[in-house]
Amino acid sequence: MSNLAVSSFITVDDYLAGEAESPIKHEYVDGEVFAMGGATDAHVTISLNLASSLRAHLRGGPCRVYITDMKLQVERANAFFYPDVFVTCAAADAPEPLIKRSPSVVIEILSKSTEGYDRGDKFARYRLLDSLQDYVLIDSRRRVIDVFRRHADGWLLQPLAEDDRLELPTLDFGCTMDEIYEDVTLEPVIDEPDGEPITKVV
């Protein structure tokens with residue numbers, strides 16, 4: 001989803017207070033607040049397909065699946081995000097009603113306007129999460145999935161081929177490309193602006 005900056009600087013406390021009352025979700029990055037834009041049918045369907053599969057697989061265990069509306073804090077980056085899908089298995093996250101902090105897996109659905117940010121600055125901030133093992137990028141315009149997996153010597157990219165399965169070993173989970181893209185009509189988003197995913201308004 002596209003982001004739009006709506007403030008030059010606010011504190012974390014002011015952000016959280018405002019977010020509790022706002023009808024629009026906002027992400028927060030080191031004092032700046034960015035309104036979340038809408039998503040396409042393909043974007044939403046992919047998110048639901050994957051979240052549903054993960055939920056069914058993890059039901060009854062300690063891990064929980066969250067989509068879009070749950071905030072994820074990256075404390076070391078002084079940031080709060082709304083990932084498209086993420087999973088946390090941390091006991092400390094379980095009682096927290098509004099914010100999670102220790103995801104094992106984060107999944108973002110790519111669009112024309114967000115791809116550069118999701119692959120760049122956002123991933124750099126997510127990498128500061130010690131708990132994160134897999135960062136998955138799923139394209140909403142074509143059947144392309146990239147998995148970034150944490151290894152002892154850093155993060156390694158594993159692009160998936162058309163007949164590959166998405167495997168998330170930390171969750172003992174796997175699914176096919178067909179399951180992820182079920183009922184998805186792949187059409188380029190033609191009404192999104194070119195350029196950076198964040199436009200600052202001052």
# chains A, B, ... in the order shown; residues from 1 in each chain; ligands from 1
>>> residues_around(residues="Arg125 in chain A", least_positions_apart="5", cutoff="9 Å", atoms="only C-alpha atoms", output="list in words")
Val74, Arg76, Ala77, Ala79 and Gly120 of chain A
>>> write_last_selection(atoms="N, CA and C atoms", output="mmCIF file, in the first residue's frame")
data_model
loop_
_atom_site.group_PDB
_atom_site.id
_atom_site.type_symbol
_atom_site.label_atom_id
_atom_site.label_comp_id
_atom_site.auth_asym_id
_atom_site.auth_seq_id
_atom_site.Cartn_x
_atom_site.Cartn_y
_atom_site.Cartn_z
ATOM 1 N N VAL A 74 9.373 -1.761 15.538
ATOM 2 C CA VAL A 74 10.813 -2.011 15.392
ATOM 3 C C VAL A 74 11.500 -0.974 16.268
ATOM 4 N N ARG A 76 14.439 -0.555 17.591
ATOM 5 C CA ARG A 76 15.776 -0.041 17.266
ATOM 6 C C ARG A 76 15.759 0.950 16.109
ATOM 7 N N ALA A 77 14.674 0.946 15.330
ATOM 8 C CA ALA A 77 14.530 1.908 14.240
ATOM 9 C C ALA A 77 13.563 3.026 14.606
ATOM 10 N N ALA A 79 10.320 2.840 14.956
ATOM 11 C CA ALA A 79 9.338 2.737 13.880
ATOM 12 C C ALA A 79 8.205 1.776 14.242
ATOM 13 N N GLY A 120 13.952 -1.945 0.114
ATOM 14 C CA GLY A 120 15.044 -1.096 0.563
ATOM 15 C C GLY A 120 14.949 -0.681 2.022
#
>>> select_by_dssp(residues="range 6-65 of chain A", states="helix (DSSP H, G or I)", output="NGL selection string")
:A and (12-21 or 41-58)
>>> residues_around(residues="Leu54 in chain A", least_positions_apart="6", cutoff="10 Å", atoms="only C-alpha atoms", output="ChimeraX atom specification")
/A:48,63-66,85-87,171,173-175
>>> write_last_selection(atoms="all heavy atoms", output="CSV table (one decimal), in the first residue's frame")
chain,number,residue,atom,x,y,z
A,48,LEU,N,-5.0,-12.6,2.1
A,48,LEU,CA,-5.9,-13.4,2.7
A,48,LEU,C,-5.6,-14.9,2.5
A,48,LEU,O,-5.7,-15.8,3.4
A,48,LEU,CB,-7.3,-13.1,2.2
A,48,LEU,CG,-8.0,-11.9,2.8
A,48,LEU,CD1,-9.3,-11.6,2.1
A,48,LEU,CD2,-8.2,-11.9,4.3
A,63,CYS,N,2.0,-19.9,18.0
A,63,CYS,CA,2.2,-18.8,17.0
A,63,CYS,C,0.9,-18.2,16.6
A,63,CYS,O,-0.1,-18.9,16.5
A,63,CYS,CB,2.9,-19.4,15.8
A,63,CYS,SG,4.5,-20.1,16.2
A,64,ARG,N,0.9,-16.9,16.3
A,64,ARG,CA,-0.3,-16.2,15.8
A,64,ARG,C,0.0,-15.5,14.5
A,64,ARG,O,1.1,-14.9,14.4
A,64,ARG,CB,-0.8,-15.2,16.9
A,64,ARG,CG,-1.2,-15.8,18.2
A,64,ARG,CD,-2.5,-16.6,18.1
A,64,ARG,NE,-3.6,-15.8,17.6
A,64,ARG,CZ,-4.4,-15.0,18.3
A,64,ARG,NH1,-4.1,-15.0,19.7
A,64,ARG,NH2,-5.3,-14.3,17.8
A,65,VAL,N,-1.0,-15.4,13.7
A,65,VAL,CA,-0.9,-14.8,12.4
A,65,VAL,C,-1.7,-13.4,12.5
A,65,VAL,O,-2.8,-13.4,13.0
A,65,VAL,CB,-1.5,-15.6,11.3
A,65,VAL,CG1,-1.3,-15.0,9.9
A,65,VAL,CG2,-0.9,-17.0,11.3
A,66,TYR,N,-1.1,-12.4,11.9
A,66,TYR,CA,-1.7,-11.1,11.9
A,66,TYR,C,-1.7,-10.5,10.5
A,66,TYR,O,-0.7,-10.7,9.8
A,66,TYR,CB,-1.1,-10.1,12.9
A,66,TYR,CG,-1.2,-10.6,14.3
A,66,TYR,CD1,-0.1,-11.3,14.9
A,66,TYR,CD2,-2.3,-10.3,15.1
A,66,TYR,CE1,-0.3,-11.8,16.3
A,66,TYR,CE2,-2.5,-10.8,16.4
A,66,TYR,CZ,-1.4,-11.5,17.0
A,66,TYR,OH,-1.6,-12.0,18.2
A,85,VAL,N,1.2,-9.3,6.2
A,85,VAL,CA,1.0,-10.5,7.0
A,85,VAL,C,2.3,-10.7,7.9
A,85,VAL,O,3.4,-10.5,7.4
A,85,VAL,CB,0.8,-11.8,6.1
A,85,VAL,CG1,0.6,-13.0,7.0
A,85,VAL,CG2,-0.3,-11.6,5.1
A,86,PHE,N,2.1,-11.1,9.1
A,86,PHE,CA,3.3,-11.5,9.9
A,86,PHE,C,2.9,-12.5,10.9
A,86,PHE,O,1.7,-12.6,11.3
A,86,PHE,CB,4.0,-10.3,10.5
A,86,PHE,CG,3.3,-9.6,11.7
A,86,PHE,CD1,3.6,-9.9,13.0
A,86,PHE,CD2,2.5,-8.6,11.5
A,86,PHE,CE1,3.1,-9.3,14.1
A,86,PHE,CE2,1.9,-7.9,12.5
A,86,PHE,CZ,2.2,-8.3,13.8
A,87,VAL,N,3.9,-13.2,11.4
A,87,VAL,CA,3.6,-14.3,12.4
A,87,VAL,C,4.6,-14.1,13.6
A,87,VAL,O,5.8,-13.8,13.4
A,87,VAL,CB,3.9,-15.7,11.8
A,87,VAL,CG1,3.7,-16.8,12.9
A,87,VAL,CG2,3.0,-16.0,10.6
A,171,LEU,N,8.4,-22.1,10.8
A,171,LEU,CA,7.1,-22.4,11.2
A,171,LEU,C,6.6,-23.8,10.7
A,171,LEU,O,5.5,-24.2,10.9
A,171,LEU,CB,6.1,-21.4,10.5
A,171,LEU,CG,6.4,-19.9,10.8
A,171,LEU,CD1,5.4,-19.0,10.0
A,171,LEU,CD2,6.2,-19.6,12.3
A,173,PHE,N,6.2,-24.8,7.8
A,173,PHE,CA,5.0,-24.4,6.9
A,173,PHE,C,5.5,-24.4,5.4
A,173,PHE,O,6.6,-24.0,5.1
A,173,PHE,CB,4.5,-23.1,7.2
A,173,PHE,CG,3.4,-22.6,6.2
A,173,PHE,CD1,2.1,-23.0,6.3
A,173,PHE,CD2,3.8,-21.6,5.2
A,173,PHE,CE1,1.2,-22.5,5.4
A,173,PHE,CE2,2.9,-21.2,4.3
A,173,PHE,CZ,1.5,-21.6,4.4
A,174,GLY,N,4.6,-24.9,4.5
A,174,GLY,CA,4.9,-24.8,3.1
A,174,GLY,C,3.6,-24.7,2.3
A,174,GLY,O,2.6,-25.2,2.8
A,175,CYS,N,3.6,-24.0,1.2
A,175,CYS,CA,2.4,-24.0,0.3
A,175,CYS,C,2.9,-23.7,-1.1
A,175,CYS,O,4.0,-23.3,-1.3
A,175,CYS,CB,1.4,-22.9,0.8
A,175,CYS,SG,2.0,-21.2,0.6
>>> select_by_dssp(residues="range 48-168 of chain A", states="strand (DSSP E or B)", output="ChimeraX atom specification")
/A:64-67,71-74,79-81,85-88,99-100,103-110,134-139,145-151,154-160,165-168
>>> residues_around(residues="Ala161 in chain A", least_positions_apart="5", cutoff="12 Å", atoms="only C-alpha atoms", output="ChimeraX atom specification")
/A:142-147,166,176-178
>>> residues_around(residues="range 16-33 of chain A", least_positions_apart="2", cutoff="10 Å", atoms="only C-alpha atoms", output="number ranges by chain")
A: 3-14, 35-37, 68-83, 98, 122, 125, 200
>>> atom_distance(atom1="CA of Tyr117 in chain A", atom2="CA of Leu137 in chain A")
11.5 Å
>>> residues_around(residues="His43 in chain A", least_positions_apart="5", cutoff="8 Å", atoms="only C-alpha atoms", output="list in words")
Ile109, Leu110, Ser111 and Ser140 of chain A
>>> write_last_selection(atoms="C-alpha atoms", output="tab-separated table (two decimals), in the first residue's frame")
chain	number	residue	atom	x	y	z
A	109	ILE	CA	2.74	-7.73	-0.92
A	110	LEU	CA	4.49	-5.66	-3.58
A	111	SER	CA	2.88	-3.03	-5.79
A	140	SER	CA	0.74	-8.57	-6.84
>>> atom_distance(atom1="CA of Gln133 in chain A", atom2="CA of Arg150 in chain A")
5.2 Å
